[in-house]
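Source file: final_13.cif. Holds: mmCIF, C-alpha atoms, pLDDT in the B column; chains and numbers go by the auth columns.
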```cif
data_query
#
loop_
_atom_site.group_PDB
_atom_site.id
_atom_site.type_symbol
_atom_site.label_atom_id
_atom_site.label_comp_id
_atom_site.label_asym_id
_atom_site.label_seq_id
_atom_site.Cartn_x
_atom_site.Cartn_y
_atom_site.Cartn_z
_atom_site.B_iso_or_equiv
_atom_site.auth_seq_id
_atom_site.auth_asym_id
ATOM 1 C CA MET A 1 69.384 -41.211 50.538 89.00 71 A
ATOM 2 C CA THR A 2 67.435 -42.512 47.577 91.00 72 A
ATOM 3 C CA LEU A 3 64.414 -40.527 46.419 93.00 73 A
ATOM 4 C CA GLN A 4 61.613 -41.088 43.935 93.00 74 A
ATOM 5 C CA PHE A 5 59.353 -38.294 42.659 95.00 75 A
ATOM 6 C CA VAL A 6 56.334 -38.737 40.385 95.00 76 A
ATOM 7 C CA THR A 7 55.020 -36.186 37.890 94.00 77 A
ATOM 8 C CA LYS A 8 51.541 -34.774 38.417 92.00 78 A
ATOM 9 C CA CYS A 9 48.858 -37.067 36.933 90.00 79 A
ATOM 10 C CA ARG A 10 51.710 -39.407 35.922 90.00 80 A
ATOM 11 C CA TYR A 11 52.161 -37.658 32.584 91.00 81 A
ATOM 12 C CA ASN A 12 55.100 -39.065 30.591 92.00 82 A
ATOM 13 C CA CYS A 13 57.185 -35.892 30.685 92.00 83 A
ATOM 14 C CA PHE A 14 60.638 -37.442 30.557 93.00 84 A
ATOM 15 C CA ARG A 15 60.564 -38.728 26.972 92.00 85 A
ATOM 16 C CA ARG A 16 62.998 -36.095 25.703 92.00 86 A
ATOM 17 C CA GLN A 17 66.589 -35.704 26.802 93.00 87 A
ATOM 18 C CA SER A 18 66.303 -31.894 26.949 93.00 88 A
ATOM 19 C CA VAL A 19 63.623 -32.121 29.680 94.00 89 A
ATOM 20 C CA ILE A 20 65.752 -34.601 31.620 94.00 90 A
ATOM 21 C CA ASP A 21 68.752 -32.255 31.323 95.00 91 A
ATOM 22 C CA SER A 22 66.660 -29.344 32.637 96.00 92 A
ATOM 23 C CA CYS A 23 65.511 -31.403 35.612 96.00 93 A
ATOM 24 C CA ILE A 24 69.067 -32.508 36.399 96.00 94 A
ATOM 25 C CA ALA A 25 70.261 -28.898 36.175 96.00 95 A
ATOM 26 C CA GLY A 26 67.534 -27.902 38.651 96.00 96 A
ATOM 27 C CA PHE A 27 68.680 -30.598 41.048 96.00 97 A
ATOM 28 C CA LYS A 28 72.360 -29.714 40.618 96.00 98 A
ATOM 29 C CA GLU A 29 71.709 -26.080 41.616 96.00 99 A
ATOM 30 C CA LEU A 30 71.518 -27.400 45.185 96.00 100 A
ATOM 31 C CA GLU A 31 75.159 -28.500 45.132 96.00 101 A
ATOM 32 C CA ALA A 32 75.898 -24.963 46.359 96.00 102 A
ATOM 33 C CA TYR A 33 74.151 -25.967 49.620 95.00 103 A
ATOM 34 C CA GLY A 34 76.260 -29.088 50.106 96.00 104 A
ATOM 35 C CA PHE A 35 74.108 -31.654 48.302 96.00 105 A
ATOM 36 C CA GLU A 36 76.063 -34.434 46.564 95.00 106 A
ATOM 37 C CA PHE A 37 74.300 -36.270 43.758 95.00 107 A
ATOM 38 C CA GLY A 38 74.890 -39.822 42.610 93.00 108 A
ATOM 39 C CA GLU A 39 72.924 -41.705 39.981 93.00 109 A
ATOM 40 C CA MET A 40 69.730 -40.275 38.483 94.00 110 A
ATOM 41 C CA GLY A 41 67.156 -42.093 36.382 93.00 111 A
ATOM 42 C CA PHE A 42 64.104 -40.747 34.545 93.00 112 A
ATOM 43 C CA PRO A 43 61.774 -43.507 33.292 91.00 113 A
ATOM 44 C CA LEU A 44 59.031 -41.429 31.579 89.00 114 A
ATOM 45 C CA ASN A 45 56.789 -40.318 34.462 92.00 115 A
ATOM 46 C CA HIS A 46 59.000 -40.355 37.551 93.00 116 A
ATOM 47 C CA ALA A 47 62.522 -39.636 38.722 94.00 117 A
ATOM 48 C CA HIS A 48 64.883 -41.715 40.831 93.00 118 A
ATOM 49 C CA LEU A 49 67.902 -40.086 42.391 93.00 119 A
ATOM 50 C CA SER A 50 70.593 -40.853 44.890 93.00 120 A
ATOM 51 C CA VAL A 51 71.679 -37.861 46.945 94.00 121 A
ATOM 52 C CA ASN A 52 73.864 -37.230 49.955 93.00 122 A
ATOM 53 C CA VAL A 53 72.214 -34.482 52.016 93.00 123 A
ATOM 54 C CA PRO A 54 73.874 -32.368 54.710 94.00 124 A
ATOM 55 C CA LYS A 55 72.579 -33.236 58.179 93.00 125 A
ATOM 56 C CA LYS A 56 71.234 -29.746 58.833 95.00 126 A
ATOM 57 C CA TYR A 57 68.323 -30.306 56.398 95.00 127 A
ATOM 58 C CA ALA A 58 65.162 -32.216 57.281 94.00 128 A
ATOM 59 C CA VAL A 59 63.918 -34.729 54.723 92.00 129 A
ATOM 60 C CA SER A 60 60.729 -32.742 54.084 93.00 130 A
ATOM 61 C CA ASN A 61 62.771 -29.599 53.375 95.00 131 A
ATOM 62 C CA VAL A 62 65.086 -31.503 51.046 95.00 132 A
ATOM 63 C CA ILE A 63 62.144 -32.857 49.057 95.00 133 A
ATOM 64 C CA GLY A 64 60.618 -29.383 48.778 95.00 134 A
ATOM 65 C CA MET A 65 63.906 -27.857 47.645 96.00 135 A
ATOM 66 C CA LEU A 66 64.534 -30.538 45.022 96.00 136 A
ATOM 67 C CA LYS A 67 61.004 -30.453 43.626 96.00 137 A
ATOM 68 C CA SER A 68 60.744 -26.661 43.485 95.00 138 A
ATOM 69 C CA ASN A 69 64.172 -26.090 41.910 95.00 139 A
ATOM 70 C CA SER A 70 63.660 -28.718 39.231 96.00 140 A
ATOM 71 C CA ALA A 71 60.111 -27.557 38.413 96.00 141 A
ATOM 72 C CA LYS A 72 61.211 -23.922 38.096 95.00 142 A
ATOM 73 C CA ARG A 73 64.026 -24.919 35.775 96.00 143 A
ATOM 74 C CA ILE A 74 61.792 -27.110 33.603 95.00 144 A
ATOM 75 C CA PHE A 75 59.127 -24.397 33.271 96.00 145 A
ATOM 76 C CA ALA A 76 61.773 -21.775 32.448 96.00 146 A
ATOM 77 C CA GLU A 77 63.445 -23.841 29.716 95.00 147 A
ATOM 78 C CA HIS A 78 60.281 -25.506 28.323 94.00 148 A
ATOM 79 C CA PRO A 79 57.420 -22.963 28.277 92.00 149 A
ATOM 80 C CA GLY A 80 55.053 -25.499 26.673 91.00 150 A
ATOM 81 C CA PHE A 81 54.829 -27.321 29.999 92.00 151 A
ATOM 82 C CA ARG A 82 52.659 -24.440 31.280 91.00 152 A
ATOM 83 C CA LYS A 83 49.880 -25.718 29.006 92.00 153 A
ATOM 84 C CA ARG A 84 49.914 -29.114 30.697 91.00 154 A
ATOM 85 C CA TYR A 85 50.543 -27.695 34.195 92.00 155 A
ATOM 86 C CA PRO A 86 48.774 -24.292 34.242 91.00 156 A
ATOM 87 C CA LYS A 87 48.985 -23.998 38.043 89.00 157 A
ATOM 88 C CA GLY A 88 52.747 -24.589 38.011 86.00 158 A
ATOM 89 C CA SER A 89 52.654 -27.809 39.998 92.00 159 A
ATOM 90 C CA PHE A 90 54.923 -30.215 38.096 95.00 160 A
ATOM 91 C CA TRP A 91 55.466 -32.890 40.747 95.00 161 A
ATOM 92 C CA SER A 92 52.704 -34.824 42.498 94.00 162 A
ATOM 93 C CA GLN A 93 52.487 -35.038 46.275 92.00 163 A
ATOM 94 C CA TYR A 94 53.799 -38.606 46.183 90.00 164 A
ATOM 95 C CA GLU A 95 57.413 -39.183 47.071 86.00 165 A
ATOM 96 C CA HIS A 96 59.356 -42.150 48.294 89.00 166 A
ATOM 97 C CA HIS A 97 62.593 -41.899 50.210 87.00 167 A
ATOM 98 C CA HIS A 98 64.811 -44.246 52.103 83.00 168 A
ATOM 99 C CA SER A 99 68.248 -44.163 53.594 79.00 169 A
ATOM 100 C CA THR A 100 70.760 -46.126 51.549 73.00 170 A
ATOM 101 C CA GLY A 101 73.600 -46.439 54.070 69.00 171 A
ATOM 102 C CA ARG A 102 75.502 -49.611 53.235 69.00 172 A
ATOM 103 C CA ASP A 103 73.244 -50.383 50.260 79.00 173 A
ATOM 104 C CA ARG A 104 74.329 -47.346 48.233 81.00 174 A
ATOM 105 C CA GLU A 105 75.849 -49.333 45.363 83.00 175 A
ATOM 106 C CA GLU A 106 72.794 -51.583 45.218 84.00 176 A
ATOM 107 C CA SER A 107 70.482 -48.544 45.110 84.00 177 A
ATOM 108 C CA GLU A 108 72.525 -46.887 42.378 86.00 178 A
ATOM 109 C CA GLN A 109 72.488 -50.117 40.348 86.00 179 A
ATOM 110 C CA TYR A 110 68.691 -50.142 40.683 86.00 180 A
ATOM 111 C CA ILE A 111 68.532 -46.534 39.419 85.00 181 A
ATOM 112 C CA ARG A 112 70.842 -47.295 36.471 84.00 182 A
ATOM 113 C CA ASN A 113 68.590 -50.184 35.387 85.00 183 A
ATOM 114 C CA GLN A 114 65.322 -48.216 35.436 84.00 184 A
ATOM 115 C CA LEU A 115 65.197 -47.417 31.720 80.00 185 A
ATOM 116 C CA ARG A 116 65.719 -51.076 30.829 83.00 186 A
ATOM 117 C CA HIS A 117 63.253 -52.183 33.515 84.00 187 A
ATOM 118 C CA HIS A 118 60.517 -49.904 32.111 81.00 188 A
ATOM 119 C CA ASN A 119 61.602 -50.561 28.486 83.00 189 A
ATOM 120 C CA VAL A 120 62.028 -46.849 27.803 81.00 190 A
ATOM 121 C CA LYS A 121 63.771 -45.203 24.872 83.00 191 A
ATOM 122 C CA ILE A 122 64.659 -41.530 25.405 85.00 192 A
ATOM 123 C CA ILE A 123 64.481 -39.166 22.409 82.00 193 A
ATOM 124 C CA ASP A 124 67.700 -37.150 22.131 84.00 194 A
ATOM 125 C CA ASP A 125 66.388 -33.742 21.054 82.00 195 A
ATOM 126 C CA ARG A 126 69.307 -31.656 22.259 78.00 196 A
ATOM 127 C CA GLN A 127 70.883 -29.131 19.917 72.00 197 A
ATOM 128 C CA GLN A 128 73.769 -30.792 18.115 68.00 198 A
ATOM 129 C CA LYS A 129 76.966 -28.889 17.359 66.00 199 A
ATOM 130 C CA LEU A 130 77.996 -28.813 13.719 64.00 200 A
ATOM 131 C CA PRO A 131 81.612 -29.593 12.910 68.00 201 A
ATOM 132 C CA SER A 132 83.674 -26.551 12.104 68.00 202 A
ATOM 133 C CA TYR A 133 84.515 -26.113 8.425 62.00 203 A
ATOM 134 C CA ALA A 134 87.000 -23.299 8.986 57.00 204 A
ATOM 135 C CA GLU A 135 90.512 -24.543 8.338 53.00 205 A
#
```

Here is the file; what I need is its structure written in the form of structure tokens.
Amino acid sequence: MTLQFVTKCRYNCFRRQSVIDSCIAGFKELEAYGFEFGEMGFPLNHAHLSVNVPKKYAVSNVIGMLKSNSAKRIFAEHPGFRKRYPKGSFWSQYEHHHSTGRDREESEQYIRNQLRHHNVKIIDDRQQKLPSYAE
């Protein structure tokens, strides 16, 4: 299944790699429930992801689980987002989903090309490890 989520008020929240990493970590927490993730793309104000969902979950439940886990993780790791989203609602009500079936590779290619399509450059603000000087 391919999903698209949009941030509330279409704010450009995915400019920094650390925010993208937090969102991915929130999604990946659901692997414990049998979710299998493929490609993910974050062009500034929305997220595209390919996910294989166990049959026991309804699509509406899957969307709720993905949105709530990722939002909780983002707010926990980036407290400044509470200023922009004081009510704690990170994702808008809009979502798009469709079954990929045979078109999985085509859908994942589409997701991989999103940054180029939107002409987006992500700022890598992650903590860098210094080389060890101990010999």

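When atom CA of A:Leu100 is paired with atom CA of A:Asp194, their separation reads 25.3 Å.
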
_Just the number, please: distance in Å from atom CA of A:Arg85 to atom CA of A:His188, one decimal._
12.3 Å

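The residue that comes closest to A:Cys83, out of A:Ser140, A:Glu176, A:Pro113, A:Tyr164 and on the basis of only C-alpha atoms, is A:Pro113.
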
*Could you list the residues chosen by the PyMOL selection byres ((chain A and resi 141-146) around 9) in this structure as a PyMOL selection string?*
chain A and resi 89-93+95-96+136-140+147-152+158-161

*Go through the shown structure with the PyMOL selection byres ((chain A and resi 75) around 8) and write out the matching residues as an MDAnalysis selection string.*
chainID A and resid 73:74 76:77 116:118 161:162 164:166

Could those selected residues go to a file with C-alpha atoms, as a short mmCIF file (atom, residue, chain, number, x, y, z; two decimals), keeping the file's coordinate frame?
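Output below, filename selection-v1.cif:
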```cif
data_model
loop_
_atom_site.label_atom_id
_atom_site.label_comp_id
_atom_site.auth_asym_id
_atom_site.auth_seq_id
_atom_site.Cartn_x
_atom_site.Cartn_y
_atom_site.Cartn_z
CA LEU A 73 64.41 -40.53 46.42
CA GLN A 74 61.61 -41.09 43.94
CA VAL A 76 56.33 -38.74 40.38
CA THR A 77 55.02 -36.19 37.89
CA HIS A 116 59.00 -40.35 37.55
CA ALA A 117 62.52 -39.64 38.72
CA HIS A 118 64.88 -41.72 40.83
CA TRP A 161 55.47 -32.89 40.75
CA SER A 162 52.70 -34.82 42.50
CA TYR A 164 53.80 -38.61 46.18
CA GLU A 165 57.41 -39.18 47.07
CA HIS A 166 59.36 -42.15 48.29
#
```

The centre and edge lengths of an axis-aligned box containing all atoms of stretch 98-104 of chain A present in the file, extended by 3 Å on each side, are to be given in Å to one decimal, as JSON.
```
{"center_x": 73.9, "center_y": -27.3, "center_z": 45.4, "size_x": 10.7, "size_y": 10.8, "size_z": 15.5}
```

Your completed stretch 106-117 of chain A with N, CA and C atoms, as a PDB file, in the frame of the given file:
```pdb
ATOM      1  N   GLU A 106      75.196 -33.657  47.450  1.00 95.00           N
ATOM      2  CA  GLU A 106      76.063 -34.434  46.564  1.00 95.00           C
ATOM      3  C   GLU A 106      75.198 -35.467  45.857  1.00 95.00           C
ATOM      4  N   PHE A 107      75.181 -35.406  44.531  1.00 95.00           N
ATOM      5  CA  PHE A 107      74.300 -36.270  43.758  1.00 95.00           C
ATOM      6  C   PHE A 107      75.053 -37.461  43.198  1.00 95.00           C
ATOM      7  N   GLY A 108      74.373 -38.605  43.213  1.00 93.00           N
ATOM      8  CA  GLY A 108      74.890 -39.822  42.610  1.00 93.00           C
ATOM      9  C   GLY A 108      74.127 -40.097  41.328  1.00 93.00           C
ATOM     10  N   GLU A 109      73.667 -41.299  41.176  1.00 93.00           N
ATOM     11  CA  GLU A 109      72.924 -41.705  39.981  1.00 93.00           C
ATOM     12  C   GLU A 109      71.547 -41.046  39.942  1.00 93.00           C
ATOM     13  N   MET A 110      71.081 -40.780  38.707  1.00 94.00           N
ATOM     14  CA  MET A 110      69.730 -40.275  38.483  1.00 94.00           C
ATOM     15  C   MET A 110      69.128 -41.040  37.322  1.00 94.00           C
ATOM     16  N   GLY A 111      67.862 -41.394  37.443  1.00 93.00           N
ATOM     17  CA  GLY A 111      67.156 -42.093  36.382  1.00 93.00           C
ATOM     18  C   GLY A 111      65.786 -41.471  36.174  1.00 93.00           C
ATOM     19  N   PHE A 112      65.368 -41.404  34.894  1.00 93.00           N
ATOM     20  CA  PHE A 112      64.104 -40.747  34.545  1.00 93.00           C
ATOM     21  C   PHE A 112      63.279 -41.627  33.610  1.00 93.00           C
ATOM     22  N   PRO A 113      62.611 -42.667  34.147  1.00 91.00           N
ATOM     23  CA  PRO A 113      61.774 -43.507  33.292  1.00 91.00           C
ATOM     24  C   PRO A 113      60.386 -42.907  33.071  1.00 91.00           C
ATOM     25  N   LEU A 114      60.258 -42.057  32.075  1.00 89.00           N
ATOM     26  CA  LEU A 114      59.031 -41.429  31.579  1.00 89.00           C
ATOM     27  C   LEU A 114      58.265 -40.569  32.569  1.00 89.00           C
ATOM     28  N   ASN A 115      57.681 -41.125  33.624  1.00 92.00           N
ATOM     29  CA  ASN A 115      56.789 -40.318  34.462  1.00 92.00           C
ATOM     30  C   ASN A 115      57.254 -40.175  35.906  1.00 92.00           C
ATOM     31  N   HIS A 116      58.486 -40.555  36.199  1.00 93.00           N
ATOM     32  CA  HIS A 116      59.000 -40.355  37.551  1.00 93.00           C
ATOM     33  C   HIS A 116      60.517 -40.242  37.516  1.00 93.00           C
ATOM     34  N   ALA A 117      61.077 -39.830  38.624  1.00 94.00           N
ATOM     35  CA  ALA A 117      62.522 -39.636  38.722  1.00 94.00           C
ATOM     36  C   ALA A 117      63.049 -40.392  39.932  1.00 94.00           C
TER      37      ALA A 117
END
```
